[in-house]
Amino acid sequence: MSQEQVSISTLIQKNAQQNTQYNWVGVLEFLHEQHKQVQYKDCEWALEKSQMQQKINELEGVVKGQERVITDLGKRCKMLEVALRQERLKYQQNGQVPDYLNQLLKENIENQSQIQNYQTIPKRKAKPYRPLLQKIIQEVGLQSIFSPPSSPKMEHSNRPSVMLTPNQNVTSIVQNSGRQSPTNMNSTSGFPTHSRSKSQNINEEQPQTVSKDPVQLQNTLRHHLDGVRDAYFFNNMTILATVSEDCQLKLWDYQNYQQQQNQIEPYLTLRDHTGPLFAIAGIEQRLKGIQNAIFSAGAEGAIKMWYFPLPDECDQLGQTEEFQQCKMTWQAHQDAIWQLKVNSQQNLLLSSAADSLIKLWPVQDSQTEPKQLYQFGQKNQYGHFVDSPTAIAWLQHNPNLFASGFMNSSLLSIFDTENGRNVQNIKYLQENNSQAQINQLTQFQQSCLISSHDDGKLRIFDLQQSKLISQIICGNEPITSAITNLNNTIIYIATGNVIKVWDTRRQQFIQELQGHQSKYDENIHNLVHHGSYNLFASLGADGQIKLFSSK
């Protein structure tokens with residue numbers, strides 16, 4: 001046989017052997033094994049599904065139990081508030097002092113008597129140890145507690161200066177802007193120079209003829225359980241609305257705020273929010289077709305609209321469930337909302353949030369969810385919003401414009417609500433610096449804007465000339481808020497745990513006010529001024545609201 005015939009015969013034998021390996025019995029056994037494996041996997045999946053469903057049921061039961069406990073605690077808190085008010089009214093009517101107060105007074109008297117019995121150190125011997133004691137207090141961090149209260153008259157060496165551009169002073173700024181005489185208190189410049197020459201420095205020492213304590217503390221509101229973030233004064237009534245991190249919205253009637261012995265209590269508390277609250281805005285009856293209402297927002301990313309009763313329409317000691325339901329709720333952002341601003345002329349609402357968006361909403365008297373008009377923000381080269389807004393404010397000289405500052409940008413941006421575009425940018429630093437972000441924007445005069453920054457500087461912008469005209473150095477602490485009085489002659493600056501009072505006519509600090517107790521390195525969250533009276537409120541991390549009045 002030839003070699004080709006041998007190779008063909010061997011191939012035929014190999015194919016026959018391979019064909020004998022696959023028969024119907026083997027195929028059926030293989031399929032049967034595969035079917036068993038699939039059934040085993042299905043049983044494992046069903047068992048795992050039943051176990052997960054059991055865990056879900058257990059967690060749902062725990063959540064429902066917690067919700068019931070929270071509801072029960074809320075009812076108990078309300079019952080305790082009513083009982084406390086009734087006790088106060090009873091003792092005020094009878095003119096008696098409770099037994100526990102008498103016991104506390106006795107204990108204080110005994111403690112004072114014991115302290116007086118201790119042997120005191122003579123002054124001559126104690127004097128050499130004062131530097132050592134001061135050093136120990138500074139190391140511990142209690143120097144702010146033991147330091148004496150600051151005098152309203154500031155020394156020249158401690159007075160921060162106003163920084164101007166080279167070869168420029170306040171007089172030239174006012175003259176270039178084409179405004180009125182700087183000696184007029186109501187001039188739009190707000191930077192009087194009196195008879196100071198152009199070459200004279202703005203920080204020269206001047207005799208202080210300012211009256212003592214131009215700003216005085218009138219009352220303190222203490223019913224919030226956590227830091228107070230924002231507030232709103234109603235101009236047509238004596239009502240103050242506040243929001244706090246304790247998830248509560250409180251309404252106060254401050255008609256008798258000047259009586260410090262009269263402790264003001266909230267006449268209504270709204271508890272529909274489930275997360276900390278950061279922003280509030282109000283609507284007054286002067287808007288067409290809309291009654292008094294409040295917008296509130298916070299960590300939930302949702303905005304709630306409330307219609308609230310007047311103090312005469314609500315019984316503080318009675319049931320308030322009929323006022324607990326909000327008028328309207330809509331999910332405005334995907335992250336926490338930091339600020340709300342209402343435009344009373346255009347019936348518009350602005351909301352800025354941590355999702356890098358500023359959204360514009362119509363204000364309407366209906367229960368339907370409002371539709372978003374525009375959204376604004378800082379965009380990158382791909383058209384995505386990348387920077388979180390830190391402050392927003394409507395502009396008085398043009399109600400269609402608003403200003404905004406951003407976290408990682410050194411620009412003051414102006415947006416137009418008619419076309420939804422960025423129409424202007426004012427640069428206040430050469431490089432972007434997150435340590436100099438804008439914390440708050442406040443309207444100053446007709447065409448100027450004040451911005452509070454993290455670098456401890458207060459900057460003033462002229463919007464008509466589109467430039468930075470002045471800045472005030474207030475220290476190393478961040479400036480959380482700054483507002484002005486009705487005449488725009490005084491600026492109240494919250495930095496650290498103090499409120500500094502800056503006189504725009506004299507270009508100097510004239511008073512320092514003690515702020516709030518610190519909590520988690522936070523002190524004063526915000527300052528809010530009344531629109532019709534020289535009255536403003538400071539909101540602190542300690543849950544207190546302090547009412548100040550100025551002359």
# chains A, B, ... in the order shown; residues from 1 in each chain; ligands from 1
call {"tool": "residues_around", "arguments": {"residues": "stretch 535-543 of chain A", "least_positions_apart": "3", "cutoff": "7 Å", "atoms": "only C-alpha atoms", "output": "PyMOL selection string"}}
result
chain A and resi 222+224-229+516-519+522-530+546-550
call {"tool": "select_by_dssp", "arguments": {"residues": "stretch 294-429 of chain A", "states": "helix (DSSP H, G or I)", "output": "number ranges by chain"}}
result
A: 311-313, 321-323
call {"tool": "closest_residue", "arguments": {"among": "A:Trp24, A:Phe406, A:Trp394, A:Tyr254", "to": "A:Gln446", "atoms": "only C-alpha atoms"}}
result
A:Trp394
call {"tool": "atom_distance", "arguments": {"atom1": "atom CA of A:Gln258", "atom2": "atom CA of A:Ala482"}}
result
23.3 Å
call {"tool": "residues_around", "arguments": {"residues": "A:Asp355", "least_positions_apart": "5", "cutoff": "8 Å", "atoms": "only C-alpha atoms", "output": "list of chain:residue names"}}
result
A:His333, A:Gln334, A:Asp335, A:Ala336, A:Ser388
call {"tool": "atom_distance", "arguments": {"atom1": "atom CA of A:Pro478", "atom2": "atom CA of A:Gly282"}}
result
27.7 Å
call {"tool": "atom_distance", "arguments": {"atom1": "atom CA of A:Trp306", "atom2": "atom CA of A:Met328"}}
result
7.2 Å
call {"tool": "residues_around", "arguments": {"residues": "A:Pro362", "least_positions_apart": "3", "cutoff": "12 Å", "atoms": "only C-alpha atoms", "output": "list in words"}}
result
Lys341, Val342, Asn343, Ser344, Gln345, Gln346, Asn347, Leu348, Leu349, Leu350, Ser351, Lys359, Asp365, Ser366, Thr368, Glu369, Pro370, Lys371, Gln372, Leu373, Tyr374 and Thr417 of chain A
call {"tool": "closest_residue", "arguments": {"among": "A:Asp454, A:Asp503, A:Glu418, A:Glu265", "to": "A:Ile438", "atoms": "only C-alpha atoms"}}
result
A:Asp454
call {"tool": "closest_residue", "arguments": {"among": "A:Asn487, A:Gln378, A:Gln465, A:Asn57", "to": "A:Lys551", "atoms": "only C-alpha atoms"}}
result
A:Asn487
